[in-house]
>>> print(open('input17.csv').read())   # CSV, C-alpha atoms
chain,number,residue,atom,x,y,z
A,1,MET,CA,-4.1,-89.3,-32.5
A,2,THR,CA,-3.3,-91.9,-35.3
A,3,PRO,CA,-1.3,-95.0,-34.4
A,4,GLU,CA,1.7,-93.5,-36.3
A,5,GLU,CA,1.4,-90.3,-34.2
A,6,GLU,CA,1.2,-92.2,-31.0
A,7,ALA,CA,4.2,-94.3,-31.9
A,8,GLU,CA,6.2,-91.1,-32.6
A,9,PHE,CA,4.9,-89.6,-29.4
A,10,ARG,CA,6.1,-92.7,-27.4
A,11,ARG,CA,9.5,-92.7,-29.2
A,12,ARG,CA,10.2,-89.1,-28.4
A,13,GLN,CA,9.0,-89.5,-24.8
A,14,LYS,CA,11.3,-92.5,-24.4
A,15,SER,CA,14.4,-90.9,-25.8
A,16,ARG,CA,13.8,-87.8,-23.6
A,17,ASN,CA,13.5,-90.0,-20.6
A,18,TRP,CA,16.8,-91.8,-21.3
A,19,VAL,CA,18.6,-88.5,-21.9
A,20,LEU,CA,17.3,-87.0,-18.7
A,21,ALA,CA,18.2,-90.2,-16.8
A,22,GLY,CA,21.7,-89.9,-18.2
A,23,VAL,CA,22.0,-86.3,-17.1
A,24,LEU,CA,20.8,-87.1,-13.6
A,25,VAL,CA,23.2,-90.0,-13.2
A,26,PHE,CA,26.0,-87.8,-14.4
A,27,PHE,CA,25.3,-85.1,-11.9
A,28,VAL,CA,24.9,-87.6,-9.0
A,29,LEU,CA,28.4,-88.9,-9.9
A,30,LEU,CA,29.8,-85.3,-10.3
A,31,PHE,CA,28.4,-84.1,-6.9
A,32,TYR,CA,29.8,-87.2,-5.3
A,33,ALA,CA,33.2,-86.5,-6.7
A,34,ILE,CA,33.0,-82.8,-5.8
A,35,THR,CA,32.1,-83.7,-2.2
A,36,ILE,CA,35.0,-86.1,-1.8
A,37,VAL,CA,37.5,-83.6,-3.3
A,38,ARG,CA,36.3,-80.7,-1.1
A,39,MET,CA,36.3,-82.7,2.2
B,40,MET,CA,-2.1,-84.5,-39.8
B,41,THR,CA,-2.7,-80.8,-38.8
B,42,ALA,CA,-0.1,-78.3,-37.6
B,43,THR,CA,-1.7,-78.3,-34.2
B,44,ALA,CA,-1.1,-82.0,-33.8
B,45,THR,CA,2.6,-81.6,-34.7
B,46,THR,CA,3.2,-79.0,-32.0
B,47,GLN,CA,1.6,-81.3,-29.4
B,48,LEU,CA,4.4,-83.8,-29.9
B,49,PRO,CA,7.0,-83.7,-27.1
B,50,THR,CA,10.1,-81.7,-28.3
B,51,ASP,CA,12.9,-84.0,-29.3
B,52,TRP,CA,15.9,-83.7,-26.9
B,53,ARG,CA,18.1,-82.8,-29.8
B,54,ASP,CA,16.2,-79.5,-30.2
B,55,PHE,CA,17.0,-78.6,-26.6
B,56,TYR,CA,20.6,-79.4,-27.3
B,57,ALA,CA,20.6,-77.3,-30.5
B,58,LEU,CA,19.2,-74.3,-28.4
B,59,THR,CA,22.5,-74.2,-26.5
B,60,LYS,CA,24.5,-73.4,-29.8
B,61,PRO,CA,27.0,-76.2,-29.4
B,62,ARG,CA,29.4,-74.8,-32.0
B,63,VAL,CA,29.7,-71.4,-30.3
B,64,MET,CA,30.2,-73.3,-27.0
B,65,SER,CA,33.3,-75.1,-28.3
B,66,LEU,CA,35.2,-71.7,-28.5
B,67,VAL,CA,33.8,-70.8,-25.1
B,68,ILE,CA,35.1,-74.1,-23.6
B,69,PHE,CA,38.5,-73.7,-25.3
B,70,THR,CA,39.2,-70.1,-24.1
B,71,GLY,CA,37.8,-70.9,-20.6
B,72,LEU,CA,40.0,-73.9,-20.4
B,73,CYS,CA,43.0,-71.9,-21.5
B,74,GLY,CA,42.3,-69.2,-18.8
B,75,LEU,CA,42.1,-72.0,-16.2
B,76,LEU,CA,45.3,-73.7,-17.4
B,77,ALA,CA,47.4,-70.5,-17.7
B,78,ALA,CA,46.4,-69.1,-14.3
B,79,PRO,CA,49.1,-69.3,-11.6
B,80,GLY,CA,48.3,-71.9,-8.9
B,81,SER,CA,46.5,-75.2,-9.2
B,82,ILE,CA,43.0,-76.6,-9.1
B,83,HIS,CA,41.9,-80.2,-8.5
B,84,PRO,CA,41.0,-81.8,-11.9
B,85,VAL,CA,37.5,-82.5,-10.7
B,86,LEU,CA,36.9,-78.9,-9.7
B,87,GLY,CA,38.6,-77.7,-12.9
B,88,PHE,CA,36.2,-79.9,-14.9
B,89,THR,CA,33.3,-78.6,-13.0
B,90,ALA,CA,34.4,-75.0,-13.6
B,91,ILE,CA,34.6,-75.6,-17.4
B,92,LEU,CA,31.2,-77.5,-17.3
B,93,CYS,CA,29.6,-74.5,-15.6
B,94,ILE,CA,31.1,-72.0,-18.1
B,95,ALA,CA,29.6,-74.2,-20.9
B,96,LEU,CA,26.2,-74.6,-19.2
B,97,GLY,CA,26.1,-70.8,-18.6
B,98,ALA,CA,26.9,-70.1,-22.3
B,99,GLY,CA,24.2,-72.7,-23.3
B,100,GLY,CA,21.7,-71.0,-21.0
B,101,ALA,CA,22.5,-67.5,-22.4
B,102,ALA,CA,22.3,-68.8,-26.0
B,103,THR,CA,18.9,-70.4,-25.2
B,104,LEU,CA,17.5,-67.2,-23.7
B,105,ASN,CA,18.9,-65.3,-26.7
B,106,GLN,CA,16.9,-67.6,-29.1
B,107,TRP,CA,13.8,-67.3,-26.9
B,108,TRP,CA,13.9,-63.5,-27.1
B,109,GLU,CA,14.8,-63.3,-30.8
B,110,ARG,CA,12.3,-66.0,-32.0
B,111,ASP,CA,10.4,-63.5,-34.2
B,112,LEU,CA,13.5,-62.1,-35.7
B,113,ASP,CA,14.9,-65.6,-36.3
B,114,ALA,CA,11.7,-66.6,-38.1
B,115,GLY,CA,12.3,-63.7,-40.6
B,116,MET,CA,15.9,-64.7,-41.5
B,117,LYS,CA,16.8,-67.7,-43.8
B,118,ARG,CA,19.8,-68.7,-41.7
B,119,THR,CA,17.9,-69.0,-38.5
B,120,ALA,CA,14.3,-69.8,-39.6
B,121,ALA,CA,14.8,-73.5,-38.9
B,122,ARG,CA,15.9,-73.1,-35.3
B,123,PRO,CA,13.8,-75.1,-32.8
B,124,ILE,CA,11.4,-72.2,-31.8
B,125,PRO,CA,10.8,-70.5,-35.2
B,126,GLY,CA,10.7,-74.0,-36.7
B,127,GLY,CA,7.7,-74.8,-34.6
B,128,ARG,CA,9.3,-77.7,-32.8
B,129,MET,CA,9.4,-76.1,-29.4
B,130,ASP,CA,7.1,-74.1,-27.2
B,131,PRO,CA,8.8,-70.7,-26.5
B,132,THR,CA,7.9,-70.9,-22.8
B,133,ASN,CA,9.7,-74.3,-22.5
B,134,ALA,CA,12.8,-72.7,-24.1
B,135,ARG,CA,12.7,-69.8,-21.7
B,136,ASP,CA,12.4,-72.1,-18.7
B,137,PHE,CA,15.2,-74.3,-20.0
B,138,GLY,CA,17.5,-71.3,-20.5
B,139,ILE,CA,16.8,-70.0,-17.0
B,140,ALA,CA,17.3,-73.4,-15.5
B,141,LEU,CA,20.6,-73.9,-17.3
B,142,SER,CA,21.8,-70.4,-16.3
B,143,ALA,CA,20.8,-70.7,-12.6
B,144,ALA,CA,22.3,-74.2,-12.3
B,145,SER,CA,25.6,-73.2,-13.8
B,146,VAL,CA,26.0,-70.2,-11.4
B,147,LEU,CA,24.9,-72.2,-8.3
B,148,ILE,CA,27.2,-75.2,-9.0
B,149,MET,CA,30.1,-72.9,-9.8
B,150,GLY,CA,29.6,-71.0,-6.5
B,151,VAL,CA,29.1,-74.1,-4.3
B,152,ALA,CA,31.7,-76.3,-5.9
B,153,VAL,CA,34.4,-74.0,-7.2
B,154,ASP,CA,34.4,-70.3,-6.2
B,155,TRP,CA,31.8,-67.6,-5.6
B,156,LEU,CA,33.7,-64.8,-7.3
B,157,ALA,CA,33.9,-67.0,-10.5
B,158,ALA,CA,30.2,-67.7,-10.0
B,159,ILE,CA,29.4,-63.9,-9.8
B,160,ILE,CA,31.4,-63.2,-13.0
B,161,LEU,CA,29.5,-66.1,-14.7
B,162,ALA,CA,26.2,-64.6,-13.7
B,163,VAL,CA,27.2,-61.2,-14.9
B,164,SER,CA,28.3,-62.7,-18.3
B,165,ILE,CA,25.0,-64.5,-18.7
B,166,LEU,CA,23.0,-61.3,-17.9
B,167,TYR,CA,25.3,-59.3,-20.1
B,168,TYR,CA,24.6,-61.5,-23.1
B,169,ALA,CA,20.9,-62.2,-22.5
B,170,VAL,CA,19.8,-58.8,-21.3
B,171,VAL,CA,22.3,-56.0,-22.1
B,172,TYR,CA,23.3,-57.4,-25.5
B,173,THR,CA,20.3,-59.4,-26.8
B,174,ILE,CA,17.3,-57.4,-25.4
B,175,TRP,CA,18.8,-53.9,-25.0
B,176,LEU,CA,21.6,-53.0,-27.4
B,177,LYS,CA,21.6,-55.4,-30.4
B,178,PRO,CA,18.4,-54.0,-31.9
B,179,ARG,CA,19.4,-50.4,-31.1
B,180,THR,CA,23.0,-49.6,-32.2
B,181,PRO,CA,25.5,-50.6,-35.0
B,182,GLN,CA,28.0,-50.9,-32.2
B,183,ASN,CA,26.1,-54.1,-31.2
B,184,ILE,CA,29.0,-56.4,-32.2
B,185,VAL,CA,31.5,-54.4,-30.2
B,186,ILE,CA,29.3,-54.7,-27.2
B,187,GLY,CA,28.4,-58.3,-27.8
B,188,GLY,CA,32.2,-59.1,-27.9
B,189,GLY,CA,32.1,-58.5,-24.2
B,190,ALA,CA,29.9,-61.6,-23.7
B,191,GLY,CA,32.4,-63.8,-25.5
B,192,ALA,CA,35.3,-62.3,-23.6
B,193,PHE,CA,34.2,-63.5,-20.1
B,194,PRO,CA,35.1,-67.3,-20.3
B,195,PRO,CA,39.0,-67.0,-20.0
B,196,MET,CA,38.5,-64.5,-17.1
B,197,ILE,CA,36.1,-67.0,-15.3
B,198,GLY,CA,38.5,-69.9,-15.9
B,199,TRP,CA,41.4,-67.8,-14.5
B,200,VAL,CA,39.4,-66.6,-11.4
B,201,ALA,CA,38.2,-70.2,-10.7
B,202,VAL,CA,41.9,-71.0,-10.0
B,203,THR,CA,43.1,-67.8,-8.3
B,204,GLY,CA,40.0,-66.6,-6.6
B,205,GLU,CA,40.8,-62.9,-7.4
B,206,ILE,CA,40.6,-60.5,-10.3
B,207,THR,CA,44.0,-59.2,-11.3
B,208,LEU,CA,45.3,-57.4,-14.4
B,209,MET,CA,45.9,-60.7,-16.4
B,210,PRO,CA,42.3,-61.9,-16.5
B,211,VAL,CA,41.3,-58.4,-17.4
B,212,LEU,CA,43.8,-58.4,-20.3
B,213,LEU,CA,42.5,-61.7,-21.5
B,214,PHE,CA,39.0,-60.2,-21.5
B,215,ALA,CA,40.3,-57.1,-23.4
B,216,ILE,CA,42.0,-59.3,-26.1
B,217,ILE,CA,38.8,-61.2,-27.0
B,218,PHE,CA,36.7,-58.0,-26.7
B,219,THR,CA,39.0,-56.2,-29.3
B,220,TRP,CA,39.3,-59.3,-31.5
B,221,THR,CA,35.5,-59.7,-31.9
B,222,PRO,CA,34.7,-56.7,-34.2
B,223,PRO,CA,37.2,-57.5,-37.0
B,224,HIS,CA,36.3,-61.2,-36.7
B,225,PHE,CA,32.6,-60.7,-37.1
B,226,TRP,CA,32.6,-57.8,-39.5
B,227,ALA,CA,34.9,-59.7,-41.9
B,228,LEU,CA,32.2,-62.3,-42.0
B,229,ALA,CA,29.4,-59.7,-42.3
B,230,LEU,CA,31.2,-58.2,-45.4
B,231,PHE,CA,30.9,-61.5,-47.4
B,232,VAL,CA,27.8,-63.2,-46.0
B,233,GLN,CA,24.6,-62.0,-47.5
B,234,SER,CA,22.6,-61.6,-44.3
B,235,ASP,CA,18.9,-60.7,-43.7
B,236,TYR,CA,19.7,-58.6,-40.6
B,237,ALA,CA,18.6,-55.4,-42.4
B,238,LYS,CA,15.2,-57.1,-43.3
B,239,VAL,CA,14.4,-57.7,-39.6
B,240,GLY,CA,15.7,-54.3,-38.5
B,241,ILE,CA,18.9,-55.2,-36.7
B,242,PRO,CA,21.4,-52.3,-37.3
B,243,MET,CA,24.6,-54.2,-38.4
B,244,MET,CA,27.6,-52.0,-39.1
B,245,PRO,CA,28.0,-52.7,-42.8
B,246,VAL,CA,24.3,-51.9,-43.4
B,247,VAL,CA,24.2,-48.7,-41.2
B,248,LYS,CA,27.6,-47.1,-41.9
B,249,GLY,CA,28.5,-48.8,-45.2
B,250,ALA,CA,31.2,-51.2,-46.2
B,251,ALA,CA,34.0,-48.6,-46.4
B,252,SER,CA,33.6,-47.5,-42.8
B,253,THR,CA,33.3,-51.1,-41.6
B,254,ARG,CA,36.6,-51.9,-43.5
B,255,ARG,CA,38.4,-49.0,-41.8
B,256,GLN,CA,37.1,-50.0,-38.4
B,257,ILE,CA,38.3,-53.6,-38.9
B,258,LEU,CA,41.8,-52.3,-39.4
B,259,LEU,CA,41.5,-50.0,-36.4
B,260,TYR,CA,40.6,-52.8,-34.0
B,261,ALA,CA,43.3,-55.1,-35.4
B,262,VAL,CA,45.9,-52.4,-34.8
B,263,LEU,CA,44.6,-51.9,-31.2
B,264,LEU,CA,44.7,-55.7,-30.7
B,265,LEU,CA,48.5,-55.9,-31.4
B,266,PRO,CA,49.7,-54.0,-28.2
B,267,LEU,CA,46.9,-55.6,-26.2
B,268,ALA,CA,47.8,-59.1,-27.2
B,269,ALA,CA,51.5,-58.4,-26.4
B,270,ALA,CA,50.7,-56.7,-23.1
B,271,PRO,CA,50.8,-59.9,-20.9
B,272,TRP,CA,54.4,-60.3,-22.1
B,273,LEU,CA,55.3,-56.6,-21.8
B,274,ILE,CA,54.2,-56.5,-18.2
B,275,GLY,CA,56.1,-59.6,-17.4
B,276,GLU,CA,53.1,-61.9,-16.7
B,277,THR,CA,54.1,-64.4,-19.5
B,278,GLY,CA,57.4,-65.6,-21.0
B,279,ALA,CA,58.9,-65.2,-24.5
B,280,ILE,CA,56.9,-68.2,-26.0
B,281,TYR,CA,53.7,-66.2,-25.6
B,282,GLY,CA,55.3,-62.8,-26.4
B,283,VAL,CA,56.8,-63.9,-29.7
B,284,ALA,CA,53.7,-65.8,-30.7
B,285,ALA,CA,51.4,-62.8,-29.8
B,286,LEU,CA,53.6,-60.3,-31.8
B,287,ALA,CA,53.8,-62.6,-34.9
B,288,LEU,CA,50.1,-63.6,-34.9
B,289,SER,CA,48.9,-60.1,-34.4
B,290,ALA,CA,51.3,-58.6,-37.0
B,291,LEU,CA,49.9,-61.1,-39.5
B,292,PHE,CA,46.4,-60.2,-38.4
B,293,VAL,CA,47.1,-56.5,-39.2
B,294,ALA,CA,48.7,-57.5,-42.5
B,295,LEU,CA,45.6,-59.5,-43.6
B,296,CYS,CA,43.4,-56.5,-42.5
B,297,LEU,CA,45.3,-54.1,-44.8
B,298,PRO,CA,43.9,-55.3,-48.1
B,299,VAL,CA,40.5,-55.6,-46.6
B,300,ALA,CA,40.6,-52.0,-45.3
B,301,PHE,CA,41.7,-50.3,-48.5
B,302,ARG,CA,39.6,-52.0,-51.2
B,303,THR,CA,36.1,-51.7,-52.5
B,304,ALA,CA,34.2,-54.8,-53.7
B,305,ALA,CA,32.3,-54.6,-56.9
B,306,GLU,CA,29.1,-56.7,-57.6
B,307,GLY,CA,30.1,-60.3,-58.0
B,308,ASP,CA,33.4,-60.0,-56.2
B,309,ARG,CA,34.6,-63.3,-54.7
B,310,MET,CA,35.6,-61.5,-51.5
B,311,LEU,CA,38.8,-63.6,-51.1
B,312,PRO,CA,40.7,-61.1,-48.7
B,313,GLU,CA,37.6,-61.0,-46.4
B,314,LYS,CA,37.2,-64.8,-46.4
B,315,ARG,CA,40.9,-65.2,-45.7
B,316,LEU,CA,40.8,-62.7,-42.8
B,317,PHE,CA,37.8,-64.4,-41.3
B,318,GLY,CA,39.4,-67.8,-41.5
B,319,TYR,CA,42.6,-66.4,-40.0
B,320,SER,CA,40.8,-64.6,-37.2
B,321,VAL,CA,39.4,-68.0,-35.9
B,322,PHE,CA,42.9,-69.5,-36.1
B,323,TYR,CA,44.4,-66.5,-34.4
B,324,LEU,CA,42.3,-66.8,-31.2
B,325,PHE,CA,43.0,-70.6,-30.9
B,326,ALA,CA,46.7,-70.1,-31.6
B,327,LEU,CA,47.1,-67.1,-29.2
B,328,PHE,CA,45.4,-69.0,-26.3
B,329,ALA,CA,47.3,-72.2,-27.1
B,330,ALA,CA,50.5,-70.1,-26.9
B,331,LEU,CA,49.4,-68.7,-23.5
B,332,VAL,CA,49.0,-72.2,-22.1
B,333,ALA,CA,52.2,-73.5,-23.7
B,334,ASP,CA,54.1,-70.6,-22.1
B,335,ALA,CA,52.6,-71.3,-18.7
B,336,VAL,CA,53.5,-75.0,-18.9
B,337,ALA,CA,57.1,-74.2,-20.1
B,338,ARG,CA,57.5,-71.7,-17.2
B,339,ASN,CA,56.1,-74.1,-14.6
B,340,HIS,CA,58.6,-76.8,-15.7
B,341,GLY,CA,61.5,-74.2,-15.6
B,342,TRP,CA,62.1,-74.5,-19.4
B,343,ILE,CA,61.9,-70.7,-19.9
B,344,ALA,CA,62.3,-67.8,-17.5
>>> encode(input="input17.csv", output="structure tokens")
Amino acid sequence: MTPEEEAEFRRRQKSRNWVLAGVLVFFVLLFYAITIVRM
Amino acid sequence: MTATATTQLPTDWRDFYALTKPRVMSLVIFTGLCGLLAAPGSIHPVLGFTAILCIALGAGGAATLNQWWERDLDAGMKRTAARPIPGGRMDPTNARDFGIALSAASVLIMGVAVDWLAAIILAVSILYYAVVYTIWLKPRTPQNIVIGGGAGAFPPMIGWVAVTGEITLMPVLLFAIIFTWTPPHFWALALFVQSDYAKVGIPMMPVVKGAASTRRQILLYAVLLLPLAAAPWLIGETGAIYGVAALALSALFVALCLPVAFRTAAEGDRMLPEKRLFGYSVFYLFALFAALVADAVARNHGWIA
């Protein structure tokens, strides 16, 4: 892998991780709200 | 850099997003939300949001599975060749797993958080689109669009059942309205868009039965749509706001179908009546469902009987 390819690899990996983290946090909050509402 | 090295890069998250067909999803969210808002009774806003989210996730999962199955066909058509899988930016297996995960999550969350009957209908709608339509009937019959219309017709029914917890005549009527609306909507587009469906062996109606037959069928479905759209009012399930809007919108739909049904387009024709009909068909569905919600709001506030 050339340095440019490696930089692109890291960039994509990082942006995917951020999106996945956002999705997980969103679902944690949603399930919390659902649990409170359905109690 | 070789092609092999390119495919080893992790797929950009935007390609996963693109697989869910976000533009189709907007109509699904709108009609699902209208079904939810027009249904008698009430639902907590958090659960209502969850129900719409699940409808959207389910539609995204079904769209993803559709593109996983049709990747070879998509590669052969100009409009779809740049999609994530035929474009070489995503491994088909990853797309399949993503589609299954989205579909399963949407059904489970809908069942646990909102209502199991709504979850079952959501599961049926995903299987209907991904298996009955995409895998089974789309490549086999020119009635594929009529059958595919069923997939788009589920969201308002799911939204309605998420509130009421039961299937009554009204959600079935909402299903029937979108089902009947789909063929004239899609065939109007098919008449003026040069598509490569014939090249990849998908039997679309204008190719198999010819433009003249397609044009007559557009009018037939529009005429059928008129009493169906007015039915919620005629059986007393909605008030006059919806009834008058449904009659006026549907009458104009039929009026715009008439010139399309009885003309023949020569080479180089600008296809203006067909383009007008297609544009109006999108407006029609939005306006009809908006009238349904406006009618429900007005009745809940006692503004109309």
>>> closest_residue(input="input17.csv", among="B:Tyr172, B:Phe218, B:Tyr236, B:Trp52", to="Asp113 (chain B)", atoms="all atoms listed in the file")
B:Tyr236
>>> interface_residues(input="input17.csv", of="chain A", to="chain B", cutoff="6 Å", atoms="only C-alpha atoms", output="mmCIF file with C-alpha atoms, in the frame of the given file")
data_model
loop_
_atom_site.group_PDB
_atom_site.id
_atom_site.type_symbol
_atom_site.label_atom_id
_atom_site.label_comp_id
_atom_site.auth_asym_id
_atom_site.auth_seq_id
_atom_site.Cartn_x
_atom_site.Cartn_y
_atom_site.Cartn_z
ATOM 1 C CA PHE A 9 4.900 -89.600 -29.400
ATOM 2 C CA ARG A 12 10.200 -89.100 -28.400
ATOM 3 C CA ARG A 16 13.800 -87.800 -23.600
#
>>> atom_distance(input="input17.csv", atom1="CA of Leu20 (chain A)", atom2="CA of Phe55 (chain B)")
11.5 Å
>>> residues_around(input="input17.csv", residues="Ser234 (chain B)", least_positions_apart="3", cutoff="10 Å", atoms="only C-alpha atoms", output="list in words")
Met116, Lys117, Arg118, Leu228, Ala229, Leu230, Phe231, Ala237, Lys238, Met243 and Val246 of chain B
>>> atom_distance(input="input17.csv", atom1="CA of Phe301 (chain B)", atom2="CA of Leu258 (chain B)")
9.3 Å
>>> closest_residue(input="input17.csv", among="B:Arg179, B:Arg128, B:Arg254, B:Arg122", to="Leu295 (chain B)", atoms="only C-alpha atoms")
B:Arg254
>>> atom_distance(input="input17.csv", atom1="CA of Phe328 (chain B)", atom2="CA of Ala144 (chain B)")
27.5 Å
>>> closest_residue(input="input17.csv", among="B:Cys73, B:Ile124, B:Ala330, B:Ile82", to="Asp54 (chain B)", atoms="all atoms listed in the file")
B:Ile124
>>> residues_around(input="input17.csv", residues="region 197-201 of chain B", least_positions_apart="2", cutoff="8 Å", atoms="only C-alpha atoms", output="compact mmCIF listing (two decimals) with C-alpha atoms, keeping the file's coordinate frame")
# COMPACT_ATOMS: atom_id res chain seq x y z
CA GLY B 71 37.80 -70.90 -20.60
CA LEU B 72 40.00 -73.90 -20.40
CA CYS B 73 43.00 -71.90 -21.50
CA GLY B 74 42.30 -69.20 -18.80
CA LEU B 75 42.10 -72.00 -16.20
CA LEU B 76 45.30 -73.70 -17.40
CA ALA B 77 47.40 -70.50 -17.70
CA ALA B 78 46.40 -69.10 -14.30
CA GLY B 87 38.60 -77.70 -12.90
CA ALA B 90 34.40 -75.00 -13.60
CA ILE B 91 34.60 -75.60 -17.40
CA ILE B 94 31.10 -72.00 -18.10
CA VAL B 153 34.40 -74.00 -7.20
CA ASP B 154 34.40 -70.30 -6.20
CA LEU B 156 33.70 -64.80 -7.30
CA ALA B 157 33.90 -67.00 -10.50
CA ALA B 158 30.20 -67.70 -10.00
CA ILE B 160 31.40 -63.20 -13.00
CA LEU B 161 29.50 -66.10 -14.70
CA PHE B 193 34.20 -63.50 -20.10
CA PRO B 194 35.10 -67.30 -20.30
CA PRO B 195 39.00 -67.00 -20.00
CA THR B 203 43.10 -67.80 -8.30
CA GLY B 204 40.00 -66.60 -6.60
CA GLU B 205 40.80 -62.90 -7.40
CA ILE B 206 40.60 -60.50 -10.30
CA PRO B 210 42.30 -61.90 -16.50
>>> closest_atom_pairs(input="input17.csv", of="region 88-107 of chain B", to="region 165-168 of chain B", cutoff="7 Å", atoms="all atoms listed in the file", output="JSON lines")
{"residue": "B:Gly97", "atom": "CA", "partner": "B:Ile165", "partner_atom": "CA", "distance": 6.4}
{"residue": "B:Ala98", "atom": "CA", "partner": "B:Ile165", "partner_atom": "CA", "distance": 6.9}
{"residue": "B:Ala101", "atom": "CA", "partner": "B:Ile165", "partner_atom": "CA", "distance": 5.4}
>>> closest_residue(input="input17.csv", among="B:Pro181, B:Pro298, B:Arg309, B:Thr207", to="Gly249 (chain B)", atoms="only C-alpha atoms")
B:Pro181
>>> residues_around(input="input17.csv", residues="Val293 (chain B)", least_positions_apart="5", cutoff="9 Å", atoms="all atoms listed in the file", output="number ranges by chain")
B: 258, 261-262, 264-265, 288
>>> closest_residue(input="input17.csv", among="B:Gly115, B:Pro125, B:Gly189, B:Gly100", to="Ala143 (chain B)", atoms="only C-alpha atoms")
B:Gly100
>>> decode(input="input17.csv", residues="region 258-275 of chain B", atoms="N, CA and C atoms", output="mmCIF file, in the first residue's frame")
data_model
loop_
_atom_site.group_PDB
_atom_site.id
_atom_site.type_symbol
_atom_site.label_atom_id
_atom_site.label_comp_id
_atom_site.auth_asym_id
_atom_site.auth_seq_id
_atom_site.Cartn_x
_atom_site.Cartn_y
_atom_site.Cartn_z
ATOM 1 N N LEU B 258 -54.904 4.904 -18.399
ATOM 2 C CA LEU B 258 -56.232 5.497 -18.212
ATOM 3 C C LEU B 258 -57.128 4.588 -17.374
ATOM 4 N N LEU B 259 -57.049 3.287 -17.623
ATOM 5 C CA LEU B 259 -57.871 2.318 -16.892
ATOM 6 C C LEU B 259 -57.613 2.416 -15.388
ATOM 7 N N TYR B 260 -56.320 2.442 -14.997
ATOM 8 C CA TYR B 260 -56.000 2.517 -13.572
ATOM 9 C C TYR B 260 -56.407 3.862 -12.972
ATOM 10 N N ALA B 261 -56.277 4.937 -13.749
ATOM 11 C CA ALA B 261 -56.670 6.257 -13.234
ATOM 12 C C ALA B 261 -58.180 6.308 -12.987
ATOM 13 N N VAL B 262 -58.960 5.668 -13.894
ATOM 14 C CA VAL B 262 -60.418 5.631 -13.714
ATOM 15 C C VAL B 262 -60.775 4.785 -12.490
ATOM 16 N N LEU B 263 -60.067 3.668 -12.294
ATOM 17 C CA LEU B 263 -60.290 2.831 -11.112
ATOM 18 C C LEU B 263 -59.946 3.577 -9.825
ATOM 19 N N LEU B 264 -58.910 4.442 -9.927
ATOM 20 C CA LEU B 264 -58.419 5.164 -8.744
ATOM 21 C C LEU B 264 -59.468 6.141 -8.212
ATOM 22 N N LEU B 265 -60.277 6.705 -9.095
ATOM 23 C CA LEU B 265 -61.227 7.743 -8.670
ATOM 24 C C LEU B 265 -62.195 7.239 -7.582
ATOM 25 N N PRO B 266 -62.954 6.167 -7.812
ATOM 26 C CA PRO B 266 -63.843 5.701 -6.727
ATOM 27 C C PRO B 266 -63.083 5.191 -5.508
ATOM 28 N N LEU B 267 -61.892 4.590 -5.735
ATOM 29 C CA LEU B 267 -61.111 4.089 -4.603
ATOM 30 C C LEU B 267 -60.658 5.232 -3.699
ATOM 31 N N ALA B 268 -60.177 6.338 -4.327
ATOM 32 C CA ALA B 268 -59.700 7.480 -3.556
ATOM 33 C C ALA B 268 -60.858 8.133 -2.795
ATOM 34 N N ALA B 269 -62.058 8.121 -3.402
ATOM 35 C CA ALA B 269 -63.210 8.746 -2.749
ATOM 36 C C ALA B 269 -63.840 7.827 -1.704
ATOM 37 N N ALA B 270 -63.527 6.531 -1.755
ATOM 38 C CA ALA B 270 -64.180 5.545 -0.877
ATOM 39 C C ALA B 270 -64.101 5.881 0.616
ATOM 40 N N PRO B 271 -62.958 6.338 1.161
ATOM 41 C CA PRO B 271 -62.931 6.655 2.597
ATOM 42 C C PRO B 271 -64.002 7.664 2.992
ATOM 43 N N TRP B 272 -64.312 8.582 2.091
ATOM 44 C CA TRP B 272 -65.357 9.577 2.355
ATOM 45 C C TRP B 272 -66.741 8.945 2.195
ATOM 46 N N LEU B 273 -66.909 8.146 1.111
ATOM 47 C CA LEU B 273 -68.212 7.554 0.818
ATOM 48 C C LEU B 273 -68.668 6.609 1.927
ATOM 49 N N ILE B 274 -67.720 5.918 2.585
ATOM 50 C CA ILE B 274 -68.126 5.005 3.666
ATOM 51 C C ILE B 274 -68.153 5.717 5.021
ATOM 52 N N GLY B 275 -67.928 7.028 5.006
ATOM 53 C CA GLY B 275 -68.072 7.807 6.231
ATOM 54 C C GLY B 275 -66.874 7.778 7.170
#
